[in-house]
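**Student:** Input structure: target-v5.cif, which contains mmCIF, C-alpha atoms and all ligand atoms.
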data_my_file
loop_
_atom_site.group_PDB
_atom_site.id
_atom_site.type_symbol
_atom_site.label_atom_id
_atom_site.label_comp_id
_atom_site.auth_asym_id
_atom_site.auth_seq_id
_atom_site.Cartn_x
_atom_site.Cartn_y
_atom_site.Cartn_z
ATOM 1 C CA MET A 158 73.004 112.063 92.956
ATOM 2 C CA GLY A 159 70.678 114.999 93.514
ATOM 3 C CA THR A 160 73.314 117.660 94.111
ATOM 4 C CA GLY A 161 74.998 117.197 90.774
ATOM 5 C CA LEU A 162 78.399 116.344 92.257
ATOM 6 C CA ARG A 163 79.927 113.814 89.907
ATOM 7 C CA HIS A 164 83.660 113.824 89.893
ATOM 8 C CA GLY A 165 84.222 110.214 88.845
ATOM 9 C CA THR A 166 87.505 108.523 89.582
ATOM 10 C CA ALA A 167 91.110 108.892 88.459
ATOM 11 C CA HIS A 168 94.245 106.836 88.282
ATOM 12 C CA VAL A 169 97.273 107.478 90.452
ATOM 13 C CA GLU A 170 100.831 107.113 89.220
ATOM 14 C CA ILE A 171 103.623 106.922 91.800
ATOM 15 C CA SER A 172 107.042 106.937 90.100
ATOM 16 C CA GLY A 173 110.355 106.432 91.842
ATOM 17 C CA VAL A 174 109.164 108.100 95.017
ATOM 18 C CA GLY A 175 111.467 108.427 97.989
ATOM 19 C CA ARG A 176 111.164 110.262 101.285
ATOM 20 C CA THR A 177 113.978 111.091 103.640
ATOM 21 C CA PHE A 178 113.494 112.644 107.063
ATOM 22 C CA ALA A 179 116.216 114.690 108.752
ATOM 23 C CA SER A 180 117.402 112.941 111.880
ATOM 24 C CA ARG A 181 116.695 115.854 114.245
ATOM 25 C CA GLY A 182 120.242 116.052 115.576
ATOM 26 C CA ARG A 183 120.576 112.511 116.923
ATOM 27 C CA ARG A 184 124.337 112.098 116.976
ATOM 28 C CA GLY A 185 125.812 109.325 114.886
ATOM 29 C CA GLN A 186 122.705 108.851 112.806
ATOM 30 C CA GLY A 187 122.298 110.054 109.255
ATOM 31 C CA ASP A 188 119.037 111.046 107.623
ATOM 32 C CA HIS A 189 116.331 108.439 107.826
ATOM 33 C CA VAL A 190 115.161 106.977 104.526
ATOM 34 C CA ALA A 191 111.473 106.303 105.175
ATOM 35 C CA LEU A 192 110.737 105.342 101.574
ATOM 36 C CA ALA A 193 113.040 104.438 98.712
ATOM 37 C CA ASP A 194 112.140 104.245 95.039
ATOM 38 C CA VAL A 195 108.486 103.335 95.305
ATOM 39 C CA SER A 196 106.677 102.959 91.980
ATOM 40 C CA LEU A 197 103.038 102.015 91.829
ATOM 41 C CA SER A 198 100.158 102.548 89.425
ATOM 42 C CA ILE A 199 96.666 102.539 90.833
ATOM 43 C CA ARG A 200 94.090 102.074 88.104
ATOM 44 C CA ARG A 201 90.850 103.987 87.919
ATOM 45 C CA SER A 202 88.352 102.333 90.241
ATOM 46 C CA GLU A 203 90.944 99.993 91.672
ATOM 47 C CA PHE A 204 90.832 99.205 95.398
ATOM 48 C CA LEU A 205 94.465 98.928 96.384
ATOM 49 C CA VAL A 206 95.483 97.906 99.882
ATOM 50 C CA ILE A 207 98.927 98.376 101.390
ATOM 51 C CA VAL A 208 100.079 96.117 104.212
ATOM 52 C CA GLY A 209 103.421 96.076 105.901
ATOM 53 C CA PRO A 210 105.176 96.172 109.246
ATOM 54 C CA SER A 211 105.134 99.217 111.447
ATOM 55 C CA GLY A 212 107.445 101.931 110.175
ATOM 56 C CA CYS A 213 107.637 100.782 106.541
ATOM 57 C CA GLY A 214 106.269 104.100 105.324
ATOM 58 C CA LYS A 215 102.606 103.287 104.627
ATOM 59 C CA THR A 216 101.281 106.465 106.198
ATOM 60 C CA THR A 217 104.043 108.531 104.625
ATOM 61 C CA LEU A 218 103.092 107.226 101.177
ATOM 62 C CA LEU A 219 99.404 107.897 101.762
ATOM 63 C CA ARG A 220 100.150 111.407 103.037
ATOM 64 C CA MET A 221 102.176 112.091 99.909
ATOM 65 C CA VAL A 222 99.267 111.068 97.685
ATOM 66 C CA ALA A 223 97.045 113.284 99.857
ATOM 67 C CA GLY A 224 99.461 116.162 99.258
ATOM 68 C CA LEU A 225 100.159 116.547 102.976
ATOM 69 C CA THR A 226 103.816 115.487 102.702
ATOM 70 C CA LYS A 227 106.209 116.141 99.829
ATOM 71 C CA ALA A 228 108.271 113.422 98.183
ATOM 72 C CA THR A 229 112.035 113.925 98.367
ATOM 73 C CA THR A 230 112.466 112.208 95.008
ATOM 74 C CA GLY A 231 110.147 111.008 92.271
ATOM 75 C CA THR A 232 106.696 112.144 91.203
ATOM 76 C CA ILE A 233 103.061 111.399 91.930
ATOM 77 C CA THR A 234 100.354 112.250 89.438
ATOM 78 C CA ILE A 235 96.587 112.007 89.664
ATOM 79 C CA GLY A 236 94.768 111.697 86.376
ATOM 80 C CA GLY A 237 98.064 112.685 84.746
ATOM 81 C CA ARG A 238 98.557 115.861 86.811
ATOM 82 C CA PRO A 239 101.355 116.227 89.354
ATOM 83 C CA ILE A 240 100.215 116.722 92.941
ATOM 84 C CA GLU A 241 100.789 120.200 94.248
ATOM 85 C CA GLY A 242 99.134 119.855 97.639
ATOM 86 C CA PRO A 243 95.856 118.693 99.120
ATOM 87 C CA GLY A 244 92.837 119.051 96.838
ATOM 88 C CA PRO A 245 89.118 118.320 96.655
ATOM 89 C CA ASP A 246 89.783 115.426 94.278
ATOM 90 C CA ARG A 247 91.127 113.419 97.251
ATOM 91 C CA SER A 248 89.516 112.608 100.592
ATOM 92 C CA MET A 249 91.170 110.966 103.535
ATOM 93 C CA VAL A 250 89.767 108.808 106.311
ATOM 94 C CA PHE A 251 91.979 108.506 109.386
ATOM 95 C CA GLN A 252 92.222 105.978 112.201
ATOM 96 C CA GLN A 253 90.555 108.492 114.504
ATOM 97 C CA ALA A 254 87.636 110.165 112.774
ATOM 98 C CA ALA A 255 88.809 113.622 113.936
ATOM 99 C CA LEU A 256 85.326 115.108 113.777
ATOM 100 C CA LEU A 257 84.631 118.668 114.840
ATOM 101 C CA PRO A 258 83.228 118.115 118.342
ATOM 102 C CA TRP A 259 80.910 121.123 118.373
ATOM 103 C CA LEU A 260 79.215 120.221 115.070
ATOM 104 C CA SER A 261 76.342 117.793 114.570
ATOM 105 C CA VAL A 262 76.711 114.698 112.393
ATOM 106 C CA THR A 263 75.023 116.553 109.529
ATOM 107 C CA ASP A 264 77.324 119.557 109.832
ATOM 108 C CA ASN A 265 80.421 117.369 110.086
ATOM 109 C CA VAL A 266 79.425 115.468 106.954
ATOM 110 C CA ALA A 267 78.535 118.665 105.093
ATOM 111 C CA PHE A 268 81.641 120.540 106.232
ATOM 112 C CA GLY A 269 83.738 120.059 103.092
ATOM 113 C CA LEU A 270 80.829 121.026 100.851
ATOM 114 C CA ARG A 271 81.000 124.699 101.816
ATOM 115 C CA MET A 272 84.091 125.019 99.616
ATOM 116 C CA GLN A 273 82.199 123.576 96.672
ATOM 117 C CA GLY A 274 79.741 126.424 96.454
ATOM 118 C CA LEU A 275 76.648 124.408 97.380
ATOM 119 C CA SER A 276 73.726 126.155 99.069
ATOM 120 C CA VAL A 277 72.787 125.233 102.641
ATOM 121 C CA LYS A 278 69.809 123.297 101.288
ATOM 122 C CA GLU A 279 71.973 121.330 98.858
ATOM 123 C CA ARG A 280 74.565 120.651 101.543
ATOM 124 C CA THR A 281 71.933 119.357 103.944
ATOM 125 C CA ALA A 282 70.414 117.154 101.238
ATOM 126 C CA ARG A 283 73.802 115.760 100.291
ATOM 127 C CA ALA A 284 74.686 115.106 103.952
ATOM 128 C CA ALA A 285 71.378 113.292 104.464
ATOM 129 C CA GLU A 286 72.142 111.024 101.482
ATOM 130 C CA LEU A 287 75.535 110.141 102.887
ATOM 131 C CA ILE A 288 74.262 109.666 106.437
ATOM 132 C CA GLU A 289 71.819 107.132 105.083
ATOM 133 C CA LEU A 290 74.504 105.472 102.980
ATOM 134 C CA VAL A 291 76.635 104.824 106.087
ATOM 135 C CA GLY A 292 73.612 103.682 108.107
ATOM 136 C CA LEU A 293 73.355 106.594 110.544
ATOM 137 C CA GLN A 294 69.854 107.797 109.786
ATOM 138 C CA GLY A 295 68.275 109.160 112.948
ATOM 139 C CA PHE A 296 71.620 110.384 114.293
ATOM 140 C CA ASP A 297 71.959 113.464 112.109
ATOM 141 C CA GLN A 298 71.642 115.936 114.979
ATOM 142 C CA HIS A 299 73.888 114.026 117.390
ATOM 143 C CA LEU A 300 77.246 115.408 118.423
ATOM 144 C CA PRO A 301 80.368 113.253 117.935
ATOM 145 C CA ARG A 302 80.705 112.606 121.696
ATOM 146 C CA GLU A 303 77.261 111.014 121.645
ATOM 147 C CA LEU A 304 78.406 108.383 119.130
ATOM 148 C CA SER A 305 80.360 105.133 119.533
ATOM 149 C CA GLY A 306 83.792 104.794 117.900
ATOM 150 C CA GLY A 307 82.302 102.786 115.042
ATOM 151 C CA MET A 308 79.626 105.401 114.445
ATOM 152 C CA GLN A 309 82.231 108.152 114.447
ATOM 153 C CA GLN A 310 84.172 106.273 111.775
ATOM 154 C CA ARG A 311 80.972 106.022 109.737
ATOM 155 C CA VAL A 312 80.681 109.803 109.968
ATOM 156 C CA GLY A 313 84.331 110.130 108.901
ATOM 157 C CA LEU A 314 83.622 107.961 105.870
ATOM 158 C CA ALA A 315 80.454 109.905 105.033
ATOM 159 C CA ARG A 316 82.391 113.181 105.308
ATOM 160 C CA ALA A 317 85.078 111.858 102.981
ATOM 161 C CA LEU A 318 82.516 110.677 100.424
ATOM 162 C CA ALA A 319 80.316 113.779 100.633
ATOM 163 C CA VAL A 320 82.616 115.826 98.385
ATOM 164 C CA ASP A 321 82.532 113.026 95.807
ATOM 165 C CA PRO A 322 86.322 112.746 95.538
ATOM 166 C CA LYS A 323 88.098 111.002 92.695
ATOM 167 C CA ILE A 324 90.380 109.208 95.114
ATOM 168 C CA LEU A 325 89.612 107.825 98.542
ATOM 169 C CA LEU A 326 92.579 107.523 100.902
ATOM 170 C CA MET A 327 92.113 105.476 104.059
ATOM 171 C CA ASP A 328 94.745 105.142 106.763
ATOM 172 C CA GLU A 329 93.796 102.214 108.988
ATOM 173 C CA PRO A 330 90.245 103.531 109.279
ATOM 174 C CA PHE A 331 89.115 100.519 111.303
ATOM 175 C CA GLY A 332 92.342 100.004 113.255
ATOM 176 C CA ALA A 333 91.025 101.421 116.526
ATOM 177 C CA LEU A 334 87.723 99.532 116.500
ATOM 178 C CA ASP A 335 86.795 96.328 118.292
ATOM 179 C CA GLU A 336 86.741 93.170 116.165
ATOM 180 C CA ILE A 337 82.958 92.977 115.834
ATOM 181 C CA THR A 338 82.522 96.613 114.777
ATOM 182 C CA ARG A 339 85.484 96.284 112.483
ATOM 183 C CA ARG A 340 83.984 93.336 110.633
ATOM 184 C CA GLN A 341 80.705 95.162 110.351
ATOM 185 C CA LEU A 342 82.349 98.220 108.843
ATOM 186 C CA GLN A 343 84.408 96.140 106.423
ATOM 187 C CA GLY A 344 81.136 94.742 105.070
ATOM 188 C CA GLU A 345 79.688 98.249 104.867
ATOM 189 C CA LEU A 346 82.731 99.544 103.031
ATOM 190 C CA LEU A 347 82.451 96.739 100.458
ATOM 191 C CA ARG A 348 78.831 97.728 99.872
ATOM 192 C CA ILE A 349 79.545 101.466 99.748
ATOM 193 C CA TRP A 350 82.552 101.083 97.474
ATOM 194 C CA ALA A 351 80.580 98.913 95.038
ATOM 195 C CA ALA A 352 78.130 101.786 94.491
ATOM 196 C CA ASP A 353 80.535 104.089 92.646
ATOM 197 C CA GLN A 354 83.892 102.344 92.775
ATOM 198 C CA LYS A 355 86.172 105.174 93.754
ATOM 199 C CA THR A 356 89.852 104.638 93.160
ATOM 200 C CA SER A 357 90.906 103.689 96.694
ATOM 201 C CA LEU A 358 94.175 103.457 98.561
ATOM 202 C CA PHE A 359 93.738 101.730 101.901
ATOM 203 C CA VAL A 360 96.390 101.092 104.548
ATOM 204 C CA THR A 361 95.999 98.338 107.122
ATOM 205 C CA HIS A 362 97.893 96.039 109.471
ATOM 206 C CA SER A 363 95.307 93.327 108.997
ATOM 207 C CA VAL A 364 96.012 90.717 106.337
ATOM 208 C CA GLU A 365 92.396 89.470 106.441
ATOM 209 C CA GLU A 366 91.100 92.977 105.913
ATOM 210 C CA ALA A 367 93.521 93.536 103.043
ATOM 211 C CA VAL A 368 92.453 90.435 101.122
ATOM 212 C CA LEU A 369 88.763 90.985 101.846
ATOM 213 C CA LEU A 370 88.741 94.523 100.441
ATOM 214 C CA ALA A 371 91.413 94.606 97.764
ATOM 215 C CA ASP A 372 91.669 94.204 94.051
ATOM 216 C CA ARG A 373 95.376 94.149 94.702
ATOM 217 C CA VAL A 374 97.459 93.903 97.877
ATOM 218 C CA VAL A 375 100.817 95.643 97.939
ATOM 219 C CA ILE A 376 103.192 94.372 100.582
ATOM 220 C CA MET A 377 105.832 96.724 101.913
ATOM 221 C CA GLY A 378 109.029 96.072 103.830
ATOM 222 C CA THR A 379 111.264 98.216 106.022
ATOM 223 C CA ASN A 380 114.757 99.687 106.023
ATOM 224 C CA PRO A 381 114.240 101.355 103.716
ATOM 225 C CA GLY A 382 110.483 101.391 103.208
ATOM 226 C CA ARG A 383 109.820 99.741 99.859
ATOM 227 C CA ILE A 384 107.454 97.502 97.944
ATOM 228 C CA VAL A 385 108.347 93.844 98.261
ATOM 229 C CA ALA A 386 105.426 92.183 96.478
ATOM 230 C CA GLU A 387 102.072 92.712 94.824
ATOM 231 C CA ILE A 388 99.294 90.159 94.887
ATOM 232 C CA ALA A 389 96.259 90.397 92.627
ATOM 233 C CA VAL A 390 93.061 89.461 94.436
ATOM 234 C CA GLY A 391 90.694 87.948 91.920
ATOM 235 C CA LEU A 392 87.907 87.201 94.397
ATOM 236 C CA PRO A 393 84.570 87.926 92.722
ATOM 237 C CA ARG A 394 82.677 91.185 93.203
ATOM 238 C CA PRO A 395 80.289 92.234 94.489
ATOM 239 C CA ARG A 396 82.001 90.765 97.510
ATOM 240 C CA THR A 397 80.656 90.087 100.961
ATOM 241 C CA LYS A 398 82.312 88.907 104.163
ATOM 242 C CA ASP A 399 81.250 85.350 103.267
ATOM 243 C CA VAL A 400 84.171 85.217 100.857
ATOM 244 C CA THR A 401 86.493 84.786 103.874
ATOM 245 C CA GLN A 402 85.212 81.208 104.169
ATOM 246 C CA THR A 403 86.461 80.193 100.725
ATOM 247 C CA ALA A 404 89.631 78.233 99.977
ATOM 248 C CA GLU A 405 90.702 80.935 97.511
ATOM 249 C CA PHE A 406 90.554 83.577 100.242
ATOM 250 C CA GLN A 407 92.572 81.425 102.653
ATOM 251 C CA GLU A 408 95.191 80.790 99.987
ATOM 252 C CA LEU A 409 95.559 84.514 99.224
ATOM 253 C CA ARG A 410 95.784 85.322 102.922
ATOM 254 C CA ASN A 411 98.518 82.708 103.362
ATOM 255 C CA GLU A 412 100.400 84.127 100.388
ATOM 256 C CA VAL A 413 100.380 87.632 101.898
ATOM 257 C CA TRP A 414 101.608 86.203 105.196
ATOM 258 C CA ARG A 415 104.425 84.329 103.447
ATOM 259 C CA TRP A 416 105.682 87.649 102.022
ATOM 260 C CA LEU A 417 105.322 89.454 105.341
ATOM 261 C CA GLU A 418 107.258 86.758 107.160
ATOM 262 C CA SER A 419 109.974 86.237 104.532
HETATM 263 N N1 LIG B 1 107.521 113.742 110.277
HETATM 264 C C1 LIG B 1 108.440 112.815 110.434
HETATM 265 N N2 LIG B 1 109.675 113.134 110.902
HETATM 266 C C2 LIG B 1 110.633 112.186 111.047
HETATM 267 N N3 LIG B 1 110.445 110.885 110.767
HETATM 268 C C3 LIG B 1 109.258 110.500 110.315
HETATM 269 C C4 LIG B 1 108.186 111.440 110.124
HETATM 270 N N4 LIG B 1 107.098 110.752 109.638
HETATM 271 C C5 LIG B 1 107.478 109.459 109.553
HETATM 272 N N5 LIG B 1 108.760 109.311 109.942
HETATM 273 C C6 LIG B 1 109.514 108.038 109.958
HETATM 274 O O1 LIG B 1 109.333 107.418 108.710
HETATM 275 C C7 LIG B 1 109.160 106.000 108.883
HETATM 276 C C8 LIG B 1 107.843 105.599 108.252
HETATM 277 O O2 LIG B 1 106.762 106.097 109.036
HETATM 278 P P1 LIG B 1 105.241 105.806 108.674
HETATM 279 O O3 LIG B 1 104.409 106.423 109.745
HETATM 280 O O4 LIG B 1 104.986 106.211 107.297
HETATM 281 O O5 LIG B 1 105.178 104.228 108.789
HETATM 282 P P2 LIG B 1 103.942 103.246 108.824
HETATM 283 O O6 LIG B 1 104.291 102.107 107.957
HETATM 284 O O7 LIG B 1 102.699 103.996 108.509
HETATM 285 O O8 LIG B 1 103.913 102.808 110.348
HETATM 286 P P3 LIG B 1 102.700 102.323 111.271
HETATM 287 O O9 LIG B 1 102.207 101.068 110.649
HETATM 288 O O10 LIG B 1 103.341 102.092 112.605
HETATM 289 O O11 LIG B 1 101.691 103.412 111.284
HETATM 290 C C9 LIG B 1 109.248 105.729 110.360
HETATM 291 O O12 LIG B 1 110.545 105.303 110.652
HETATM 292 C C10 LIG B 1 108.972 107.066 110.985
HETATM 293 O O13 LIG B 1 109.628 107.212 112.219
#
Once more with this new file: its structure as structure tokens, please.
**Tutor:**
Amino acid sequence: MGTGLRHGTAHVEISGVGRTFASRGRRGQGDHVALADVSLSIRRSEFLVIVGPSGCGKTTLLRMVAGLTKATTGTITIGGRPIEGPGPDRSMVFQQAALLPWLSVTDNVAFGLRMQGLSVKERTARAAELIELVGLQGFDQHLPRELSGGMQQRVGLARALAVDPKILLMDEPFGALDEITRRQLQGELLRIWAADQKTSLFVTHSVEEAVLLADRVVIMGTNPGRIVAEIAVGLPRPRTKDVTQTAEFQELRNEVWRWLES
């Protein structure tokens, strides 16, 4: 890319991670174990999707990889280095895009680039590249409130990708969108991911979405939050939404459901 940002990807190693939350003085209840002994290796360029019931600790795990929450036990390393907090090697996309309302699309996308020492010209050029990548050309000077929810999520994705992170963390990024927009954005994400294959950790409640996007689906359970199964998704890449019509896709989807309902 023109700006010279090229950070590549990295693997993530989660070893024996647990997270306990203090029970805020509720009488008769001990500390709450949100996650217990979670171990997971995410390969370089792997697209890993976590599914599981509400409260099984998906967001907590993602926030720990982001460096926003500390593990109570265990370790997480990125490219072999322990996490010490948030860093430019990781970008996160949230369910709500959380854009800065007073900034244009361009300035929202370019926001994280200030820290990287790029000139205004380079930042604007990089933002324009990303705006095009997510299909928002022509909207660069719009404010977030002038965009639909789907468009705002596109901006959130562009902002996350702009800094060229090694790891992309996505916490139900399409969870608040209507079904049609959601399907559209799933297709877009497949296309965008294929371009430089960032190591990705994606959380969703949707089994279809999980199988469509993943190289591997990790299924979590509750009480305590833990991994109950892993399913390799060998569907061919580059992948499009058409794959959902295949018998192989249906079989994988049924397998994930069997684990979720067992
Ligand atoms: N800051 C916190 N303080 C206390 N408890 C917390 C905190 N964050 C999470 N928890 C608890 O940890 C458990 C896991 O929460 P988490 O949000 O990670 O689950 P989740 O699988 O992402 O849920 P959902 O699918 O509903 O978003 C829940 O029981 C939650 O109440």
**Student:** Write out, as a tab-separated table, each residue of chain A that has an atom at most 6 Å from ligand LIG 1 (chain B), together with the closest pair of atoms and their distance in Å to one decimal, counting all atoms listed in the file, rows going by chain and rising number.
**Tutor:**
residue	atom	partner	partner_atom	distance
A:Phe178	CA	B:LIG1	C2	4.9
A:Ala191	CA	B:LIG1	O1	4.3
A:Pro210	CA	B:LIG1	O9	5.9
A:Ser211	CA	B:LIG1	O9	3.6
A:Gly212	CA	B:LIG1	O5	3.5
A:Cys213	CA	B:LIG1	O6	3.9
A:Gly214	CA	B:LIG1	O4	3.2
A:Lys215	CA	B:LIG1	O6	3.9
A:Thr216	CA	B:LIG1	O7	3.7
A:Thr217	CA	B:LIG1	O4	3.7
**Student:** Select all residues near (112.7, 114.7, 97.8) (cut-off 12 Å, inclusive, file coordinates), counting all atoms listed in the file, and output them as a list in words.
**Tutor:**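 Those residues lying close to the given coordinates are Gly173, Val174, Gly175, Arg176, Thr177, Phe178, Ala179, Val190, Ala191, Leu192, Ala193, Asp194, Met221, Thr226, Lys227, Ala228, Thr229, Thr230, Gly231, Thr232 and Ile233 of chain A.
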**Student:** Run the PyMOL selection byres (((chain A and resi 255-269) around 8) and not hetatm) against the file shown and list the residues it catches, as a compact mmCIF listing (two decimals) with C-alpha atoms, keeping the file's coordinate frame.
**Tutor:**
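And here's selection.txt as it stands now:
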# COMPACT_ATOMS: atom_id res chain seq x y z
CA PHE A 251 91.98 108.51 109.39
CA GLN A 253 90.56 108.49 114.50
CA ALA A 254 87.64 110.16 112.77
CA LEU A 270 80.83 121.03 100.85
CA ARG A 271 81.00 124.70 101.82
CA MET A 272 84.09 125.02 99.62
CA GLN A 273 82.20 123.58 96.67
CA ARG A 280 74.56 120.65 101.54
CA THR A 281 71.93 119.36 103.94
CA ARG A 283 73.80 115.76 100.29
CA ALA A 284 74.69 115.11 103.95
CA ALA A 285 71.38 113.29 104.46
CA LEU A 287 75.54 110.14 102.89
CA ILE A 288 74.26 109.67 106.44
CA PHE A 296 71.62 110.38 114.29
CA ASP A 297 71.96 113.46 112.11
CA GLN A 298 71.64 115.94 114.98
CA HIS A 299 73.89 114.03 117.39
CA LEU A 300 77.25 115.41 118.42
CA PRO A 301 80.37 113.25 117.94
CA ARG A 302 80.70 112.61 121.70
CA GLN A 309 82.23 108.15 114.45
CA VAL A 312 80.68 109.80 109.97
CA GLY A 313 84.33 110.13 108.90
CA ALA A 315 80.45 109.90 105.03
CA ARG A 316 82.39 113.18 105.31
CA ALA A 317 85.08 111.86 102.98
CA ALA A 319 80.32 113.78 100.63
CA VAL A 320 82.62 115.83 98.38
**Student:** Val250 (chain A): which residues within 9 Å, counting only C-alpha atoms, same-chain residues fewer than 6 positions away excluded, as a ChimeraX atom specification?
**Tutor:** /A:310,313-314,316-317,325-330
**Student:** May I ask which of the residues A:Ile349, A:Ile240, A:Ile324, A:Ile171 is the closest one to Gly292 (chain A), counting only C-alpha atoms?
**Tutor:** A:Ile349
**Student:** I need every residue sitting at most 12 Å from the point (97.0, 113.3, 85.7) (coordinates as in the file, all atoms listed in the file considered), written as an NGL selection string.
**Tutor:** :A and (166-171 or 198-201 or 232-241 or 246 or 323)
**Student:** What does the distance between CA of Leu318 (chain A) and CA of Ser248 (chain A) come to in Å, to one decimal place?
**Tutor:**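 Distance reported for this atom pair: 7.3 Å.
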**Student:** For Val291 (chain A), which residue among A:Pro393, A:Gly165, A:Pro322, A:Gly344 is the nearest when counting only C-alpha atoms?
**Tutor:** A:Gly344
**Student:** How many Å lie between CA of Thr356 (chain A) and CA of Leu219 (chain A), rounded to one decimal?
**Tutor:**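 About the pair CA of Thr356 (chain A) and CA of Leu219 (chain A): they are 13.3 Å apart.
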**Student:** Quick one: which residues end up in the PyMOL selection byres (((chain A and resi 394) around 12) and not hetatm) for this structure, as a list in words?
**Tutor:**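 So the PyMOL selection byres (((chain A and resi 394) around 12) and not hetatm), applied here, picks out Phe204, Leu347, Arg348, Trp350, Ala351, Ala352, Gln354, Leu369, Leu370, Ala371, Asp372, Val390, Gly391, Leu392, Pro393, Pro395, Arg396, Thr397, Lys398, Asp399 and Val400 of chain A.
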**Student:** Please produce a file of those selected residues containing C-alpha atoms, as an mmCIF file, keeping the file's coordinate frame.
**Tutor:**
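Contents of out14.cif, freshly written:
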data_model
loop_
_atom_site.group_PDB
_atom_site.id
_atom_site.type_symbol
_atom_site.label_atom_id
_atom_site.label_comp_id
_atom_site.auth_asym_id
_atom_site.auth_seq_id
_atom_site.Cartn_x
_atom_site.Cartn_y
_atom_site.Cartn_z
ATOM 1 C CA PHE A 204 90.832 99.205 95.398
ATOM 2 C CA LEU A 347 82.451 96.739 100.458
ATOM 3 C CA ARG A 348 78.831 97.728 99.872
ATOM 4 C CA TRP A 350 82.552 101.083 97.474
ATOM 5 C CA ALA A 351 80.580 98.913 95.038
ATOM 6 C CA ALA A 352 78.130 101.786 94.491
ATOM 7 C CA GLN A 354 83.892 102.344 92.775
ATOM 8 C CA LEU A 369 88.763 90.985 101.846
ATOM 9 C CA LEU A 370 88.741 94.523 100.441
ATOM 10 C CA ALA A 371 91.413 94.606 97.764
ATOM 11 C CA ASP A 372 91.669 94.204 94.051
ATOM 12 C CA VAL A 390 93.061 89.461 94.436
ATOM 13 C CA GLY A 391 90.694 87.948 91.920
ATOM 14 C CA LEU A 392 87.907 87.201 94.397
ATOM 15 C CA PRO A 393 84.570 87.926 92.722
ATOM 16 C CA PRO A 395 80.289 92.234 94.489
ATOM 17 C CA ARG A 396 82.001 90.765 97.510
ATOM 18 C CA THR A 397 80.656 90.087 100.961
ATOM 19 C CA LYS A 398 82.312 88.907 104.163
ATOM 20 C CA ASP A 399 81.250 85.350 103.267
ATOM 21 C CA VAL A 400 84.171 85.217 100.857
#
**Student:** Which of these residues is nearest to Ser419 (chain A), using all atoms listed in the file: A:Gly307, A:Glu286, A:Ile376, A:His362?
**Tutor:**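 Checking each of A:Gly307, A:Glu286, A:Ile376, A:His362 against Ser419 (chain A), counting all atoms listed in the file, the winner is A:Ile376.
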**Student:** Which residue out of A:Thr338, A:Thr361, A:Thr379, A:Gln402 has the minimum interatomic distance to Gln252 (chain A) when only C-alpha atoms are used?
**Tutor:**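 Under the stated criterion, the closest residue is A:Thr361.
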**Student:** Just to confirm, what's the straight-line distance from CA of Pro381 (chain A) to CA of Ala367 (chain A) in Å (one decimal)?
**Tutor:** 22.2 Å
**Student:** Pick from A:Glu203, A:Glu405, A:Asp321, A:Glu289: nearest to Phe359 (chain A), with all atoms listed in the file counted?
**Tutor:** A:Glu203
